[in-house]
Amino acid sequence: MHYDEIIDITFKAWPSLVPVRLRTNIGGLLESIRGASAKRYFKLEGDWEIQIKTPSSRYPHDTGGTIIIPKVVIPERYANGVVPPGNSETRLDGASVPFPWLVSFLSFGVLRPLGVMLIASIVHDFAFEHGGLVYRNDAGQLEFRKIKRHIADKLFYDMIRTVNEMPITALLAWAAVRLGWFWVKYGGKRFGEKFPMIAVLFLLLLLLGLGIAITAYGLKVVALFLGAIYIVIFVLLQLIAPSNLGEVTE
């Protein structure tokens, strides 16, 4: 499969994932709620490969190339002496978005990391877990390259715009992962080298507008209005969405 828009993306097959089973013997209401809202993790059935060409105007020169998302991180496989930390199976949680259930709800189910954003989420997840990506160099050897957090988020944004052709979804998803700067670790470290100023300003403007509306019309009126809008949009999406939206295509 080949995609060419903002960045150039090629992959031969869709990644095959296996869900990691969650503990089911949960007792008590609070534990049940926590279990329902917990992240869902997945494992790869085998190594997955994707080729990405990135424009030099937007990315460091070593960001693009043949990226390998390994099923198991084995340090001895890497040629340049720099290896991803750990020696374990790769686990994916879907884009490393804070409060994924809330993001999915507010986006009417569109921003489901392992739904339409599957390809971008897998690459983004691995980068967040290890602080970089694994590449196959010209000699056919594997090498690990460190990538800064905001570059991984930008790659996530461009991949959704390219693969899914959904610029609004890409923007919302990018804002969500940038706001994860406060909660989600990158390469084992919380926070990072670049504060998510644009995403924070966007959130503050949204909250400011909501606060003004509540002050002017009251909490109940605003809640009923937003609820009505949500229901209308949800119904419209069900009516206009393609009938084969959830089907697997080759």
# chains A, B, ... in the order shown; residues from 1 in each chain; ligands from 1
>>> select_by_dssp(residues="range 135-249 of chain A", states="strand (DSSP E)", output="VMD selection string")
chain A and resid 135 to 136 142 to 146
>>> closest_atom_pairs(of="range 115-194 of chain A", to="range 54-73 of chain A", cutoff="12 Å", atoms="only C-alpha atoms", output="Markdown table")
| residue | atom | partner | partner_atom | distance |
| --- | --- | --- | --- | --- |
| A:Ile119 | CA | A:Ile69 | CA | 11.0 |
| A:Ala120 | CA | A:Ile69 | CA | 11.9 |
| A:Ser121 | CA | A:Ile69 | CA | 11.5 |
| A:Ile122 | CA | A:Ile69 | CA | 7.9 |
| A:Val123 | CA | A:Ile69 | CA | 7.2 |
| A:His124 | CA | A:Ile69 | CA | 10.3 |
| A:Asp125 | CA | A:Ile69 | CA | 9.8 |
| A:Phe126 | CA | A:Ile69 | CA | 7.1 |
| A:Ala127 | CA | A:Ile69 | CA | 9.5 |
| A:Glu129 | CA | A:Val73 | CA | 11.3 |
| A:His130 | CA | A:Val73 | CA | 10.0 |
| A:Gly132 | CA | A:Thr63 | CA | 9.6 |
| A:Leu133 | CA | A:Ile67 | CA | 6.9 |
| A:Val134 | CA | A:Ile68 | CA | 5.4 |
| A:Tyr135 | CA | A:Ile67 | CA | 4.5 |
| A:Arg136 | CA | A:Thr66 | CA | 5.5 |
| A:Asn137 | CA | A:Thr66 | CA | 7.5 |
| A:Asp138 | CA | A:Thr66 | CA | 9.4 |
| A:Ala139 | CA | A:Thr66 | CA | 11.9 |
| A:Gly140 | CA | A:Thr66 | CA | 9.9 |
| A:Gln141 | CA | A:Ile68 | CA | 10.8 |
| A:Leu142 | CA | A:Ile68 | CA | 8.1 |
| A:Glu143 | CA | A:Ile68 | CA | 9.5 |
| A:Phe144 | CA | A:Ile67 | CA | 9.7 |
| A:Arg145 | CA | A:Asp62 | CA | 8.0 |
| A:Lys146 | CA | A:Thr63 | CA | 9.2 |
| A:Ile147 | CA | A:Thr63 | CA | 7.6 |
| A:Lys148 | CA | A:Pro60 | CA | 10.0 |
| A:His150 | CA | A:Tyr59 | CA | 10.5 |
| A:Ile151 | CA | A:Tyr59 | CA | 7.3 |
| A:Ala152 | CA | A:Thr63 | CA | 9.2 |
| A:Asp153 | CA | A:Tyr59 | CA | 11.5 |
| A:Lys154 | CA | A:Tyr59 | CA | 8.8 |
| A:Leu155 | CA | A:Tyr59 | CA | 8.7 |
| A:Asp158 | CA | A:Thr54 | CA | 9.5 |
| A:Met159 | CA | A:Thr54 | CA | 10.3 |
| A:Thr162 | CA | A:Thr54 | CA | 11.7 |
>>> write_last_selection(atoms="C-alpha atoms", output="JSON list (two decimals), in the first residue's frame")
[["chain", "number", "residue", "atom", "x", "y", "z"],
["A", 119, "ILE", "CA", -1.02, 2.86, 11.50],
["A", 120, "ALA", "CA", -0.05, 6.17, 13.09],
["A", 121, "SER", "CA", -0.78, 4.86, 16.60],
["A", 122, "ILE", "CA", 1.58, 1.89, 16.35],
["A", 123, "VAL", "CA", 4.55, 4.03, 15.29],
["A", 124, "HIS", "CA", 3.69, 6.69, 17.89],
["A", 125, "ASP", "CA", 3.27, 4.12, 20.67],
["A", 126, "PHE", "CA", 6.68, 2.56, 20.08],
["A", 127, "ALA", "CA", 8.36, 5.98, 19.97],
["A", 129, "GLU", "CA", 7.72, 3.65, 24.95],
["A", 130, "HIS", "CA", 11.38, 3.82, 23.91],
["A", 132, "GLY", "CA", 12.79, 6.69, 19.42],
["A", 133, "LEU", "CA", 12.26, 4.29, 16.52],
["A", 134, "VAL", "CA", 14.03, 1.28, 15.01],
["A", 135, "TYR", "CA", 15.22, 1.64, 11.42],
["A", 136, "ARG", "CA", 16.75, -0.72, 8.85],
["A", 137, "ASN", "CA", 19.83, 0.99, 7.44],
["A", 138, "ASP", "CA", 21.28, 0.69, 3.94],
["A", 139, "ALA", "CA", 23.32, -2.34, 5.00],
["A", 140, "GLY", "CA", 20.15, -4.15, 6.10],
["A", 141, "GLN", "CA", 21.02, -3.86, 9.79],
["A", 142, "LEU", "CA", 18.72, -2.58, 12.51],
["A", 143, "GLU", "CA", 19.59, 0.62, 14.33],
["A", 144, "PHE", "CA", 17.77, 2.59, 17.00],
["A", 145, "ARG", "CA", 17.47, 6.36, 16.53],
["A", 146, "LYS", "CA", 16.34, 8.68, 19.29],
["A", 147, "ILE", "CA", 13.51, 11.05, 18.32],
["A", 148, "LYS", "CA", 12.31, 14.06, 20.27],
["A", 150, "HIS", "CA", 7.35, 16.81, 19.56],
["A", 151, "ILE", "CA", 8.78, 15.20, 16.40],
["A", 152, "ALA", "CA", 7.02, 11.92, 17.23],
["A", 153, "ASP", "CA", 3.78, 13.87, 17.72],
["A", 154, "LYS", "CA", 4.27, 15.68, 14.41],
["A", 155, "LEU", "CA", 4.88, 12.37, 12.63],
["A", 158, "ASP", "CA", 1.17, 13.79, 9.36],
["A", 159, "MET", "CA", 0.56, 10.04, 9.20],
["A", 162, "THR", "CA", -1.76, 11.06, 4.83]]
>>> residues_around(residues="Tyr186 in chain A", least_positions_apart="5", cutoff="7 Å", atoms="only C-alpha atoms", output="ChimeraX atom specification")
/A:128-129,131,149
>>> atom_distance(atom1="CA of Leu179 in chain A", atom2="CA of Leu203 in chain A")
8.8 Å
>>> atom_distance(atom1="CA of Thr169 in chain A", atom2="CA of Val221 in chain A")
28.0 Å
>>> atom_distance(atom1="CA of Thr90 in chain A", atom2="CA of Lys43 in chain A")
6.1 Å
>>> closest_residue(among="A:Ile74, A:Val200, A:Ile212, A:Met117", to="Glu165 in chain A", atoms="only C-alpha atoms")
A:Met117
>>> residues_around(residues="Ser16 in chain A", least_positions_apart="5", cutoff="8 Å", atoms="only C-alpha atoms", output="ChimeraX atom specification")
/A:44-46
>>> select_by_dssp(residues="range 137-200 of chain A", states="alpha helix (DSSP H)", output="VMD selection string")
chain A and resid 149 to 159 167 to 179 197 to 200
>>> write_last_selection(atoms="N, CA and C atoms", output="compact mmCIF listing (two decimals), in the first residue's frame")
# COMPACT_ATOMS: atom_id res chain seq x y z
N ARG A 149 10.21 14.18 21.44
CA ARG A 149 8.78 13.95 21.64
C ARG A 149 7.93 14.74 20.64
N HIS A 150 8.21 16.01 20.44
CA HIS A 150 7.35 16.81 19.56
C HIS A 150 7.48 16.36 18.10
N ILE A 151 8.62 15.75 17.74
CA ILE A 151 8.78 15.20 16.40
C ILE A 151 7.92 13.95 16.23
N ALA A 152 7.88 13.11 17.27
CA ALA A 152 7.02 11.92 17.23
C ALA A 152 5.56 12.32 17.11
N ASP A 153 5.17 13.39 17.82
CA ASP A 153 3.78 13.87 17.72
C ASP A 153 3.48 14.43 16.34
N LYS A 154 4.46 15.13 15.76
CA LYS A 154 4.27 15.68 14.41
C LYS A 154 4.14 14.56 13.38
N LEU A 155 4.95 13.52 13.53
CA LEU A 155 4.88 12.37 12.63
C LEU A 155 3.52 11.70 12.75
N PHE A 156 3.01 11.58 13.96
CA PHE A 156 1.67 11.03 14.21
C PHE A 156 0.61 11.84 13.46
N TYR A 157 0.70 13.16 13.56
CA TYR A 157 -0.23 14.07 12.88
C TYR A 157 -0.18 13.90 11.36
N ASP A 158 1.02 13.90 10.81
CA ASP A 158 1.17 13.79 9.36
C ASP A 158 0.75 12.43 8.84
N MET A 159 0.96 11.38 9.63
CA MET A 159 0.56 10.04 9.20
C MET A 159 -0.95 9.92 9.11
N PRO A 167 -7.88 15.58 7.86
CA PRO A 167 -7.10 16.66 8.49
C PRO A 167 -7.65 17.14 9.82
N ILE A 168 -8.99 17.20 9.98
CA ILE A 168 -9.57 17.64 11.24
C ILE A 168 -9.30 16.61 12.33
N THR A 169 -9.48 15.35 12.00
CA THR A 169 -9.18 14.28 12.95
C THR A 169 -7.71 14.32 13.35
N ALA A 170 -6.84 14.55 12.36
CA ALA A 170 -5.41 14.62 12.64
C ALA A 170 -5.09 15.75 13.61
N LEU A 171 -5.74 16.89 13.42
CA LEU A 171 -5.50 18.05 14.29
C LEU A 171 -5.96 17.77 15.71
N LEU A 172 -7.15 17.19 15.86
CA LEU A 172 -7.67 16.87 17.19
C LEU A 172 -6.81 15.82 17.88
N ALA A 173 -6.39 14.82 17.12
CA ALA A 173 -5.55 13.77 17.68
C ALA A 173 -4.20 14.33 18.10
N TRP A 174 -3.65 15.22 17.27
CA TRP A 174 -2.37 15.84 17.61
C TRP A 174 -2.50 16.65 18.89
N ALA A 175 -3.58 17.43 19.03
CA ALA A 175 -3.79 18.22 20.24
C ALA A 175 -3.88 17.31 21.46
N ALA A 176 -4.54 16.16 21.32
CA ALA A 176 -4.69 15.23 22.44
C ALA A 176 -3.35 14.67 22.88
N VAL A 177 -2.51 14.25 21.93
CA VAL A 177 -1.22 13.68 22.32
C VAL A 177 -0.26 14.75 22.82
N ARG A 178 -0.38 15.98 22.31
CA ARG A 178 0.47 17.06 22.83
C ARG A 178 0.10 17.39 24.27
N LEU A 179 -1.19 17.38 24.58
CA LEU A 179 -1.61 17.62 25.96
C LEU A 179 -1.18 16.48 26.89
N MET A 197 2.74 24.47 23.85
CA MET A 197 2.10 25.76 24.00
C MET A 197 0.83 25.89 23.16
N ILE A 198 0.88 25.48 21.89
CA ILE A 198 -0.28 25.64 21.00
C ILE A 198 -1.46 24.82 21.50
N ALA A 199 -1.20 23.57 21.89
CA ALA A 199 -2.28 22.71 22.38
C ALA A 199 -2.86 23.25 23.68
N VAL A 200 -2.04 23.80 24.55
CA VAL A 200 -2.51 24.35 25.82
C VAL A 200 -3.36 25.60 25.56
>>> closest_residue(among="A:Trp14, A:Phe182, A:Phe191, A:Phe225", to="Ile50 in chain A", atoms="only C-alpha atoms")
A:Trp14
